[in-house]
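Participant: Below is the file run37.txt, with compact mmCIF, C-alpha atoms and all ligand atoms.
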```txt
# COMPACT_ATOMS: atom_id res chain seq x y z
CA VAL A 1 27.88 -6.80 -20.44
CA ARG A 2 24.35 -7.81 -19.59
CA PRO A 3 22.35 -5.72 -17.12
CA THR A 4 22.02 -7.46 -13.74
CA ALA A 5 18.64 -8.00 -12.09
CA ILE A 6 18.27 -9.37 -8.55
CA VAL A 7 14.99 -11.13 -7.72
CA THR A 8 14.49 -12.02 -4.06
CA GLY A 9 12.47 -15.20 -3.59
CA GLY A 10 12.97 -16.13 -7.23
CA ASN A 11 12.59 -19.88 -6.76
CA ARG A 12 8.81 -20.13 -6.99
CA GLY A 13 5.58 -18.24 -7.47
CA ILE A 14 5.62 -14.77 -8.93
CA GLY A 15 9.37 -14.26 -8.38
CA ARG A 16 10.21 -17.27 -10.48
CA ALA A 17 8.01 -16.04 -13.31
CA VAL A 18 9.68 -12.61 -13.07
CA ALA A 19 13.09 -14.28 -13.27
CA GLU A 20 12.00 -16.26 -16.35
CA GLN A 21 10.75 -13.14 -18.12
CA LEU A 22 13.91 -11.14 -17.33
CA ALA A 23 16.22 -14.02 -18.31
CA GLY A 24 14.24 -14.37 -21.55
CA ASP A 25 14.87 -10.66 -22.18
CA GLY A 26 18.62 -11.34 -22.01
CA LEU A 27 19.36 -9.94 -18.57
CA ARG A 28 21.73 -11.56 -16.11
CA VAL A 29 19.35 -12.70 -13.37
CA VAL A 30 20.49 -13.35 -9.81
CA LEU A 31 18.04 -15.24 -7.60
CA LEU A 32 18.22 -14.73 -3.86
CA CYS A 33 16.78 -17.89 -2.29
CA ARG A 34 16.89 -19.18 1.27
CA ASP A 35 16.96 -22.86 0.35
CA GLY A 36 20.05 -23.80 -1.67
CA HIS A 37 18.50 -26.97 -3.09
CA ALA A 38 15.22 -25.37 -4.18
CA GLY A 39 17.18 -22.38 -5.46
CA GLU A 40 19.48 -24.49 -7.60
CA GLN A 41 16.56 -26.46 -9.03
CA ALA A 42 14.82 -23.22 -9.95
CA ARG A 43 18.01 -21.72 -11.35
CA THR A 44 18.49 -24.69 -13.69
CA ALA A 45 14.86 -24.71 -14.76
CA ILE A 46 14.76 -20.95 -15.42
CA ALA A 47 18.03 -21.11 -17.36
CA GLY A 48 16.47 -23.87 -19.48
CA THR A 49 13.54 -21.66 -20.52
CA ALA A 50 15.63 -19.34 -22.72
CA PRO A 51 18.61 -20.15 -24.92
CA GLY A 52 21.76 -18.45 -23.62
CA ALA A 53 20.07 -17.32 -20.40
CA GLN A 54 22.39 -16.28 -17.60
CA VAL A 55 20.83 -17.17 -14.26
CA GLU A 56 22.75 -17.31 -10.99
CA LEU A 57 21.91 -18.22 -7.44
CA VAL A 58 22.81 -16.52 -4.19
CA VAL A 59 21.68 -18.36 -1.09
CA GLY A 60 20.47 -16.16 1.72
CA ARG A 61 17.68 -15.72 4.28
CA LEU A 62 15.65 -12.60 4.80
CA ASP A 63 14.03 -13.50 8.13
CA ALA A 64 16.54 -12.17 10.68
CA ILE A 65 18.70 -9.07 10.98
CA GLY A 66 22.04 -10.89 10.86
CA ALA A 67 20.89 -13.12 8.01
CA ILE A 68 19.77 -10.12 5.94
CA ARG A 69 23.19 -8.54 6.38
CA THR A 70 24.89 -11.77 5.33
CA ALA A 71 22.58 -11.97 2.29
CA ALA A 72 23.43 -8.35 1.39
CA ASP A 73 27.16 -9.15 1.61
CA ALA A 74 26.70 -12.17 -0.67
CA LEU A 75 24.68 -10.11 -3.16
CA ARG A 76 27.34 -7.39 -3.14
CA ASP A 77 30.03 -10.00 -3.90
CA ALA A 78 27.97 -11.44 -6.76
CA CYS A 79 26.82 -8.08 -8.14
CA PRO A 80 29.31 -5.22 -8.08
CA GLN A 81 26.77 -3.30 -10.16
CA ILE A 82 23.01 -3.75 -9.93
CA ASP A 83 20.63 -2.49 -12.62
CA ILE A 84 17.37 -3.85 -11.19
CA LEU A 85 16.54 -4.88 -7.63
CA ILE A 86 13.20 -6.58 -7.16
CA HIS A 87 11.92 -7.03 -3.62
CA ASN A 88 9.62 -9.95 -4.25
CA ALA A 89 10.21 -12.41 -1.36
CA GLY A 90 7.31 -12.33 1.05
CA VAL A 91 5.37 -14.32 3.59
CA TRP A 92 1.73 -14.32 4.62
CA PRO A 93 1.95 -15.88 8.08
CA THR A 94 -0.96 -17.92 9.42
CA ARG A 95 0.25 -17.59 13.01
CA ARG A 96 2.55 -15.43 15.07
CA LEU A 97 6.10 -16.68 14.73
CA CYS A 98 9.04 -14.68 16.05
CA ASN A 99 12.66 -14.99 14.97
CA GLU A 100 15.89 -14.99 16.96
CA ASP A 101 15.70 -11.18 17.20
CA GLY A 102 12.27 -11.50 18.84
CA LEU A 103 10.67 -9.95 15.74
CA GLU A 104 7.57 -11.24 13.95
CA GLN A 105 8.55 -13.06 10.76
CA SER A 106 6.53 -11.15 8.16
CA PHE A 107 7.52 -7.82 9.68
CA VAL A 108 11.11 -8.85 9.00
CA VAL A 109 10.78 -10.54 5.59
CA ASN A 110 8.25 -8.14 4.06
CA HIS A 111 9.29 -4.83 5.61
CA LEU A 112 12.71 -4.86 7.29
CA ALA A 113 14.46 -6.93 4.59
CA PRO A 114 13.69 -4.52 1.70
CA PHE A 115 14.44 -1.62 4.05
CA MET A 116 17.87 -3.04 4.86
CA LEU A 117 18.71 -4.15 1.31
CA ASN A 118 17.81 -0.70 -0.03
CA HIS A 119 20.42 0.74 2.31
CA LEU A 120 23.06 -1.95 2.12
CA LEU A 121 22.94 -2.37 -1.67
CA ALA A 122 22.69 1.35 -2.49
CA PRO A 123 26.43 1.53 -3.29
CA GLN A 124 25.93 -1.19 -5.93
CA LEU A 125 22.90 0.52 -7.52
CA THR A 126 25.28 2.47 -9.71
CA ALA A 127 24.03 1.35 -13.10
CA ASP A 128 22.74 4.14 -15.27
CA ARG A 129 19.11 4.64 -14.26
CA ALA A 130 19.00 1.67 -11.89
CA ARG A 131 15.52 0.66 -10.76
CA VAL A 132 14.17 -0.81 -7.53
CA VAL A 133 10.76 -2.50 -7.59
CA GLN A 134 8.90 -3.19 -4.37
CA VAL A 135 6.27 -5.90 -4.65
CA THR A 136 3.49 -4.93 -2.27
CA ALA A 137 -0.21 -5.85 -2.07
CA GLY A 138 -3.51 -4.09 -2.59
CA LEU A 139 -4.46 -5.38 0.85
CA TYR A 140 -2.30 -2.62 2.31
CA VAL A 141 -5.56 -0.72 2.87
CA LYS A 142 -6.33 -3.15 5.74
CA GLY A 143 -3.01 -2.43 7.44
CA HIS A 144 -2.43 -0.57 10.69
CA PRO A 145 1.17 -0.27 11.92
CA ARG A 146 1.44 0.02 15.69
CA LEU A 147 4.99 0.95 16.50
CA THR A 148 5.18 -0.78 19.85
CA ALA A 149 3.21 -3.92 18.94
CA THR A 150 3.59 -4.82 15.25
CA PRO A 151 7.35 -5.57 15.18
CA TYR A 152 6.82 -8.21 17.87
CA GLY A 153 3.52 -9.55 16.56
CA HIS A 154 1.64 -8.45 19.71
CA ASP A 155 -1.17 -7.28 17.42
CA PHE A 156 -0.97 -10.38 15.20
CA GLY A 157 -3.93 -10.97 12.90
CA ALA A 158 -4.41 -13.43 10.05
CA ILE A 159 -4.99 -10.62 7.55
CA GLY A 160 -3.95 -7.50 9.45
CA THR A 161 -0.33 -8.44 10.01
CA TYR A 162 0.38 -9.19 6.35
CA ALA A 163 -1.52 -6.08 5.27
CA THR A 164 0.42 -3.95 7.74
CA THR A 165 3.80 -5.09 6.42
CA LYS A 166 2.71 -4.19 2.90
CA LEU A 167 1.44 -0.80 4.11
CA CYS A 168 4.87 -0.22 5.70
CA ASN A 169 6.47 -0.71 2.25
CA LEU A 170 4.19 1.98 0.83
CA LEU A 171 4.54 4.44 3.70
CA LEU A 172 8.31 4.38 3.16
CA LEU A 173 8.13 4.61 -0.64
CA PRO A 174 8.40 8.44 -0.86
CA ARG A 175 11.30 8.39 1.58
CA PHE A 176 13.18 5.83 -0.50
CA ALA A 177 12.38 7.75 -3.68
CA ALA A 178 14.00 10.81 -2.08
CA HIS A 179 16.88 8.75 -0.66
CA PHE A 180 17.71 7.34 -4.11
CA ARG A 181 17.07 10.47 -6.16
CA ALA A 182 20.60 11.89 -5.93
CA ARG A 183 21.98 8.58 -7.18
CA GLY A 184 19.67 8.55 -10.21
CA VAL A 185 17.94 5.42 -8.87
CA THR A 186 14.15 5.11 -9.04
CA ILE A 187 11.82 3.02 -6.87
CA ASN A 188 8.21 2.13 -7.52
CA ALA A 189 5.79 -0.29 -5.87
CA VAL A 190 3.31 -2.68 -7.42
CA HIS A 191 0.38 -4.90 -6.50
CA PRO A 192 0.79 -7.85 -8.89
CA GLY A 193 -2.86 -8.94 -8.81
CA VAL A 194 -4.47 -11.94 -7.13
CA ILE A 195 -2.19 -14.72 -8.21
CA ARG A 196 -2.20 -18.52 -7.91
CA THR A 197 0.89 -19.24 -5.79
CA GLY A 198 1.71 -20.91 -2.48
CA LEU A 199 1.41 -17.61 -0.59
CA GLY A 200 -0.56 -17.97 2.66
CA ASP A 201 -1.19 -21.69 2.14
CA ARG A 202 -2.43 -23.40 5.26
CA THR A 203 -3.62 -26.78 6.48
CA GLY A 204 -7.11 -27.76 7.62
CA PRO A 205 -10.50 -27.03 6.07
CA LEU A 206 -9.66 -23.40 5.33
CA GLY A 207 -6.57 -24.57 3.45
CA LEU A 208 -8.70 -26.87 1.29
CA VAL A 209 -11.13 -24.06 0.47
CA LEU A 210 -8.25 -21.71 -0.31
CA ARG A 211 -6.64 -24.22 -2.67
CA ALA A 212 -9.93 -24.69 -4.52
CA VAL A 213 -10.49 -20.93 -4.83
CA LYS A 214 -6.94 -20.34 -6.01
CA ARG A 215 -7.58 -22.39 -9.15
CA LEU A 216 -9.57 -19.40 -10.40
CA TRP A 217 -6.79 -16.91 -9.75
CA LYS A 218 -4.34 -15.61 -12.35
CA SER A 219 -1.10 -17.40 -13.20
CA PRO A 220 2.32 -16.39 -11.81
CA ALA A 221 3.30 -15.29 -15.33
CA GLU A 222 0.41 -12.80 -15.29
CA GLY A 223 1.50 -11.57 -11.85
CA ALA A 224 5.06 -11.13 -13.10
CA ARG A 225 4.08 -8.89 -15.99
CA PRO A 226 3.41 -5.65 -14.06
CA ILE A 227 6.60 -6.18 -12.05
CA VAL A 228 8.69 -6.59 -15.19
CA HIS A 229 6.90 -3.54 -16.62
CA LEU A 230 8.15 -1.42 -13.68
CA ALA A 231 11.62 -2.91 -13.98
CA ARG A 232 12.02 -2.46 -17.72
CA ASP A 233 9.53 -0.22 -19.53
CA PRO A 234 11.39 2.75 -21.06
CA ALA A 235 8.18 4.81 -20.77
CA LEU A 236 8.65 4.80 -16.97
CA GLU A 237 12.15 6.24 -17.10
CA GLY A 238 12.61 8.73 -14.27
CA ARG A 239 9.26 7.84 -12.65
CA SER A 240 9.80 7.24 -8.95
CA GLY A 241 7.79 6.91 -5.75
CA ALA A 242 4.68 5.71 -7.57
CA TYR A 243 2.27 2.87 -6.80
CA PHE A 244 0.89 0.64 -9.52
CA ASP A 245 -2.16 -1.59 -9.22
CA GLY A 246 -1.15 -4.11 -11.86
CA PRO A 247 -0.15 -2.10 -14.93
CA ARG A 248 -1.91 1.11 -13.85
CA GLU A 249 -0.39 3.85 -11.76
CA THR A 250 -2.88 4.44 -8.97
CA PRO A 251 -3.06 7.02 -6.17
CA LEU A 252 -2.41 5.59 -2.74
CA ALA A 253 -5.17 5.61 -0.14
CA PRO A 254 -4.71 8.28 2.55
CA ILE A 255 -3.65 5.59 5.05
CA ALA A 256 -0.42 5.14 3.02
CA ARG A 257 0.27 8.87 2.83
CA ASP A 258 1.30 9.73 6.35
CA PRO A 259 4.74 11.36 6.48
CA ALA A 260 4.77 11.51 10.29
CA LEU A 261 4.14 7.77 10.64
CA ALA A 262 6.62 7.10 7.81
CA ALA A 263 9.32 9.04 9.68
CA GLN A 264 8.66 7.00 12.81
CA LEU A 265 8.76 3.71 10.88
CA TRP A 266 11.97 4.77 9.16
CA ASP A 267 13.70 5.59 12.45
CA GLN A 268 12.39 2.41 14.01
CA ALA A 269 13.58 0.24 11.12
CA ARG A 270 17.02 1.84 11.29
CA ALA A 271 17.22 1.21 15.01
CA LEU A 272 15.86 -2.37 14.89
CA SER A 273 18.15 -3.34 12.03
CA GLY A 274 21.21 -1.71 13.58
CA LEU A 275 21.70 0.41 10.45
CA SER A 276 21.89 3.65 12.44
CA ALA A 277 25.25 2.49 13.70
CA ILE A 278 26.77 1.81 10.29
CA LEU A 279 25.25 4.45 8.00
CA ARG A 280 25.68 8.18 7.94
CA ASP A 281 22.57 9.82 9.32
CA ASP A 282 21.51 11.09 5.92
CA GLY A 283 17.92 9.83 5.95
N1 LIG A 301 0.04 -14.25 -4.77
C1 LIG A 301 -0.68 -13.13 -4.69
O1 LIG A 301 -1.90 -13.10 -4.94
C2 LIG A 301 -0.02 -11.85 -4.25
C3 LIG A 301 -0.81 -10.68 -4.19
C4 LIG A 301 -0.21 -9.49 -3.78
C5 LIG A 301 1.13 -9.46 -3.47
N2 LIG A 301 1.88 -10.61 -3.54
C6 LIG A 301 3.29 -10.53 -3.19
O2 LIG A 301 4.07 -11.10 -4.22
C7 LIG A 301 5.32 -11.56 -3.67
C8 LIG A 301 5.59 -12.98 -4.13
O3 LIG A 301 4.58 -13.80 -3.57
P1 LIG A 301 4.10 -15.18 -4.19
O4 LIG A 301 2.62 -15.09 -4.28
O5 LIG A 301 4.90 -15.54 -5.37
O6 LIG A 301 4.41 -16.12 -2.93
P2 LIG A 301 5.16 -17.55 -2.79
O7 LIG A 301 4.83 -18.41 -3.95
O8 LIG A 301 4.79 -18.00 -1.42
O9 LIG A 301 6.71 -17.17 -2.87
C9 LIG A 301 7.30 -16.43 -1.85
C10 LIG A 301 8.80 -16.40 -2.12
O10 LIG A 301 9.42 -15.67 -1.04
C11 LIG A 301 10.46 -16.48 -0.52
N3 LIG A 301 10.71 -16.24 0.91
C12 LIG A 301 9.83 -16.34 1.93
N4 LIG A 301 10.46 -16.15 3.10
C13 LIG A 301 11.77 -15.92 2.80
C14 LIG A 301 12.92 -15.69 3.59
N5 LIG A 301 12.87 -15.66 4.92
N6 LIG A 301 14.10 -15.51 2.97
C15 LIG A 301 14.19 -15.56 1.62
N7 LIG A 301 13.13 -15.81 0.82
C16 LIG A 301 11.93 -15.99 1.42
C17 LIG A 301 9.97 -17.90 -0.71
O11 LIG A 301 11.03 -18.83 -0.56
P3 LIG A 301 10.75 -20.39 -0.16
O12 LIG A 301 10.36 -21.09 -1.41
O13 LIG A 301 12.06 -20.84 0.40
O14 LIG A 301 9.66 -20.39 0.86
C18 LIG A 301 9.42 -17.81 -2.13
O15 LIG A 301 10.46 -17.85 -3.06
C19 LIG A 301 5.19 -11.42 -2.16
O16 LIG A 301 5.85 -10.24 -1.74
C20 LIG A 301 3.69 -11.30 -1.95
O17 LIG A 301 3.38 -10.62 -0.77
C21 LIG A 301 1.34 -11.80 -3.92
```
Could you render the structure from this file as structure tokens?
Ligand SMILES: NC(=O)c1ccc[n+]([C@@H]2O[C@H](COP(=O)([O-])OP(=O)(O)OC[C@H]3O[C@@H](n4cnc5c(N)ncnc54)[C@H](OP(=O)(O)O)[C@@H]3O)[C@@H](O)[C@H]2O)c1

Facilitator:
Amino acid sequence: VRPTAIVTGGNRGIGRAVAEQLAGDGLRVVLLCRDGHAGEQARTAIAGTAPGAQVELVVGRLDAIGAIRTAADALRDACPQIDILIHNAGVWPTRRLCNEDGLEQSFVVNHLAPFMLNHLLAPQLTADRARVVQVTAGLYVKGHPRLTATPYGHDFGAIGTYATTKLCNLLLLPRFAAHFRARGVTINAVHPGVIRTGLGDRTGPLGLVLRAVKRLWKSPAEGARPIVHLARDPALEGRSGAYFDGPRETPLAPIARDPALAAQLWDQARALSGLSAILRDDG
């Protein structure tokens, strides 16, 4: 049986390149995509890049609490056992946009969705030495979570909001490492580099400048490499709770090492996502 790897947002950008590399390595790759048509096109294309590749599609959205639960259910049905879970899907919003829960979109997609999937898919992370990889961003250093404002986008900023969601991932990393330890599951986080994708694309003059600058950035395949490294490299066996800047393990800035804030974010995410009601209160 092939090991199963889930890649959220695997239809384009870095996630697609990750899916191609894992499928090429002979893994069964399951893409979680919000758009069924784009997802199916990507699935076919990725499957075509490697002979005998096994690539599957699960359609699901990560931008609202109910939708994330539905996506988790669909992933559980498709994957009774998960070897690798890659939280890649992400948004860099150019303006404040709130979802049906009243929550700011990137707070949900970038922070609450991995938080919820880590809980809801934990029973499926039963493969021997299963690994979770959180794709974050070096920009986390510009983040500043404000518990009463950030979830609702009241402190929205063109850079700050994105950076804050990525900082939330890192603040919670040690807690998830502890949470998973008893199950033999590891979790590490990675900044993939500055990569030429559609992330943060915008219209207007700034959009034109950004598109021109992006030509100089690295390819999605280059961005995928450090992610696949965390997902697969035998040398990292047992390593958990670490942050990698590209291929290099790197200490986190003090701003990301704040257990008191992490505890508050954890409790808040559980409350906002309704997980407190369905999970044992075991952290
Ligand atoms: N590019 C960089 O320089 C860079 C640097 C640091 C970190 N990162 C991180 O790398 C990851 C991948 O980014 P990328 O650059 O490859 O961006 P991208 O090309 O914009 O791809 C983002 C992916 O996330 C998916 N996604 C967005 N919202 C979603 C939702 N509500 N539900 C399900 N899927 C959703 C997108 O699906 P659709 O196609 O349907 O929109 C797409 O597949 C992100 O976490 C990003 O923050 C990127």

Participant: Select all residues near (-5.5, -1.0, 8.0) (cut-off 10 Å, inclusive, file coordinates), counting all atoms listed in the file, and output them as a PDB file with C-alpha atoms, in the coordinates of the input.

Facilitator:
```
ATOM      1  CA  LEU A 139      -4.460  -5.380   0.850  1.00  0.00           C
ATOM      2  CA  TYR A 140      -2.300  -2.620   2.310  1.00  0.00           C
ATOM      3  CA  VAL A 141      -5.560  -0.720   2.870  1.00  0.00           C
ATOM      4  CA  LYS A 142      -6.330  -3.150   5.740  1.00  0.00           C
ATOM      5  CA  GLY A 143      -3.010  -2.430   7.440  1.00  0.00           C
ATOM      6  CA  HIS A 144      -2.430  -0.570  10.690  1.00  0.00           C
ATOM      7  CA  PRO A 145       1.170  -0.270  11.920  1.00  0.00           C
ATOM      8  CA  ILE A 159      -4.990 -10.620   7.550  1.00  0.00           C
ATOM      9  CA  GLY A 160      -3.950  -7.500   9.450  1.00  0.00           C
ATOM     10  CA  THR A 161      -0.330  -8.440  10.010  1.00  0.00           C
ATOM     11  CA  ALA A 163      -1.520  -6.080   5.270  1.00  0.00           C
ATOM     12  CA  THR A 164       0.420  -3.950   7.740  1.00  0.00           C
ATOM     13  CA  LEU A 167       1.440  -0.800   4.110  1.00  0.00           C
ATOM     14  CA  ILE A 255      -3.650   5.590   5.050  1.00  0.00           C
ATOM     15  CA  ALA A 256      -0.420   5.140   3.020  1.00  0.00           C
TER      16      ALA A 256
END
```

Participant: Between stretch 45-100 of chain A and stretch 178-195 of chain A, at 10 Å or less, what are the per-residue closest atom pairs and their distances in Å? Count only C-alpha atoms, order by chain and rising residue number, and return it as JSON lines.

Facilitator:
```
{"residue": "A:Asp83", "atom": "CA", "partner": "A:Val185", "partner_atom": "CA", "distance": 9.2}
{"residue": "A:Ile84", "atom": "CA", "partner": "A:Val185", "partner_atom": "CA", "distance": 9.6}
{"residue": "A:Leu85", "atom": "CA", "partner": "A:Ile187", "partner_atom": "CA", "distance": 9.2}
{"residue": "A:Ile86", "atom": "CA", "partner": "A:Ile187", "partner_atom": "CA", "distance": 9.7}
{"residue": "A:His87", "atom": "CA", "partner": "A:Ala189", "partner_atom": "CA", "distance": 9.4}
```

Participant: Just want the residues within 6 Å of ligand LIG 301 (chain A), written as JSON, numbers by chain, counting only C-alpha atoms and all ligand atoms.

Facilitator: {"A": [9, 10, 11, 12, 13, 14, 15, 33, 34, 35, 61, 62, 63, 88, 89, 90, 91, 109, 135, 136, 137, 191, 192, 193, 194, 195, 196, 197, 198, 199]}

Participant: Kindly save the residues from that selection, with C-alpha atoms included, as a PDB file, in the frame of the given file.

Facilitator:
```
ATOM      1  CA  GLY A   9      12.470 -15.200  -3.590  1.00  0.00           C
ATOM      2  CA  GLY A  10      12.970 -16.130  -7.230  1.00  0.00           C
ATOM      3  CA  ASN A  11      12.590 -19.880  -6.760  1.00  0.00           C
ATOM      4  CA  ARG A  12       8.810 -20.130  -6.990  1.00  0.00           C
ATOM      5  CA  GLY A  13       5.580 -18.240  -7.470  1.00  0.00           C
ATOM      6  CA  ILE A  14       5.620 -14.770  -8.930  1.00  0.00           C
ATOM      7  CA  GLY A  15       9.370 -14.260  -8.380  1.00  0.00           C
ATOM      8  CA  CYS A  33      16.780 -17.890  -2.290  1.00  0.00           C
ATOM      9  CA  ARG A  34      16.890 -19.180   1.270  1.00  0.00           C
ATOM     10  CA  ASP A  35      16.960 -22.860   0.350  1.00  0.00           C
ATOM     11  CA  ARG A  61      17.680 -15.720   4.280  1.00  0.00           C
ATOM     12  CA  LEU A  62      15.650 -12.600   4.800  1.00  0.00           C
ATOM     13  CA  ASP A  63      14.030 -13.500   8.130  1.00  0.00           C
ATOM     14  CA  ASN A  88       9.620  -9.950  -4.250  1.00  0.00           C
ATOM     15  CA  ALA A  89      10.210 -12.410  -1.360  1.00  0.00           C
ATOM     16  CA  GLY A  90       7.310 -12.330   1.050  1.00  0.00           C
ATOM     17  CA  VAL A  91       5.370 -14.320   3.590  1.00  0.00           C
ATOM     18  CA  VAL A 109      10.780 -10.540   5.590  1.00  0.00           C
ATOM     19  CA  VAL A 135       6.270  -5.900  -4.650  1.00  0.00           C
ATOM     20  CA  THR A 136       3.490  -4.930  -2.270  1.00  0.00           C
ATOM     21  CA  ALA A 137      -0.210  -5.850  -2.070  1.00  0.00           C
ATOM     22  CA  HIS A 191       0.380  -4.900  -6.500  1.00  0.00           C
ATOM     23  CA  PRO A 192       0.790  -7.850  -8.890  1.00  0.00           C
ATOM     24  CA  GLY A 193      -2.860  -8.940  -8.810  1.00  0.00           C
ATOM     25  CA  VAL A 194      -4.470 -11.940  -7.130  1.00  0.00           C
ATOM     26  CA  ILE A 195      -2.190 -14.720  -8.210  1.00  0.00           C
ATOM     27  CA  ARG A 196      -2.200 -18.520  -7.910  1.00  0.00           C
ATOM     28  CA  THR A 197       0.890 -19.240  -5.790  1.00  0.00           C
ATOM     29  CA  GLY A 198       1.710 -20.910  -2.480  1.00  0.00           C
ATOM     30  CA  LEU A 199       1.410 -17.610  -0.590  1.00  0.00           C
TER      31      LEU A 199
END
```

Participant: A:Asp245, A:Glu40, A:Glu100, A:Asp73: which is nearest A:Pro226, counting only C-alpha atoms?

Facilitator: A:Asp245

Participant: Point out the residue among A:Ser273, A:Thr203, A:Gln54, A:Gln268 with the least atom-to-atom distance to A:Thr94, counting all atoms listed in the file.

Facilitator: A:Thr203

Participant: Just checking: using all atoms listed in the file, which residue out of A:Ala78, A:Leu261, A:Val228, A:Ala242 ends up closest to A:Val59?

Facilitator: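 Between A:Ala78, A:Leu261, A:Val228, A:Ala242, the residue approaching A:Val59 most closely is A:Ala78.
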
Participant: If you count all atoms listed in the file, which residues fall within 12 Å of A:Ala64, apart from same-chain ones fewer than 5 positions away, as a PyMOL selection string?

Facilitator: chain A and resi 34+69-71+98-113+116+272-274

Participant: Put the listed atoms of stretch 172-180 of chain A in a box along x, y and z with 6 Å added on every side and give me the centre and edge lengths in Å to one decimal, as AutoDock Vina command-line options.

Facilitator:
```
--center_x 12.9 --center_y 7.6 --center_z -0.5 --size_x 21.6 --size_y 18.4 --size_z 19.3
```

Participant: Taking 5 positions as the minimum chain separation for residues in the same chain, which residues sit within 12 Å of A:Pro51 when counting only C-alpha atoms? Answer as a short mmCIF file (atom, residue, chain, number, x, y, z; two decimals) with C-alpha atoms, keeping the file's coordinate frame.

Facilitator:
```
data_model
loop_
_atom_site.label_atom_id
_atom_site.label_comp_id
_atom_site.auth_asym_id
_atom_site.auth_seq_id
_atom_site.Cartn_x
_atom_site.Cartn_y
_atom_site.Cartn_z
CA GLU A 20 12.00 -16.26 -16.35
CA ALA A 23 16.22 -14.02 -18.31
CA GLY A 24 14.24 -14.37 -21.55
CA ASP A 25 14.87 -10.66 -22.18
CA GLY A 26 18.62 -11.34 -22.01
CA ALA A 45 14.86 -24.71 -14.76
CA ILE A 46 14.76 -20.95 -15.42
#
```
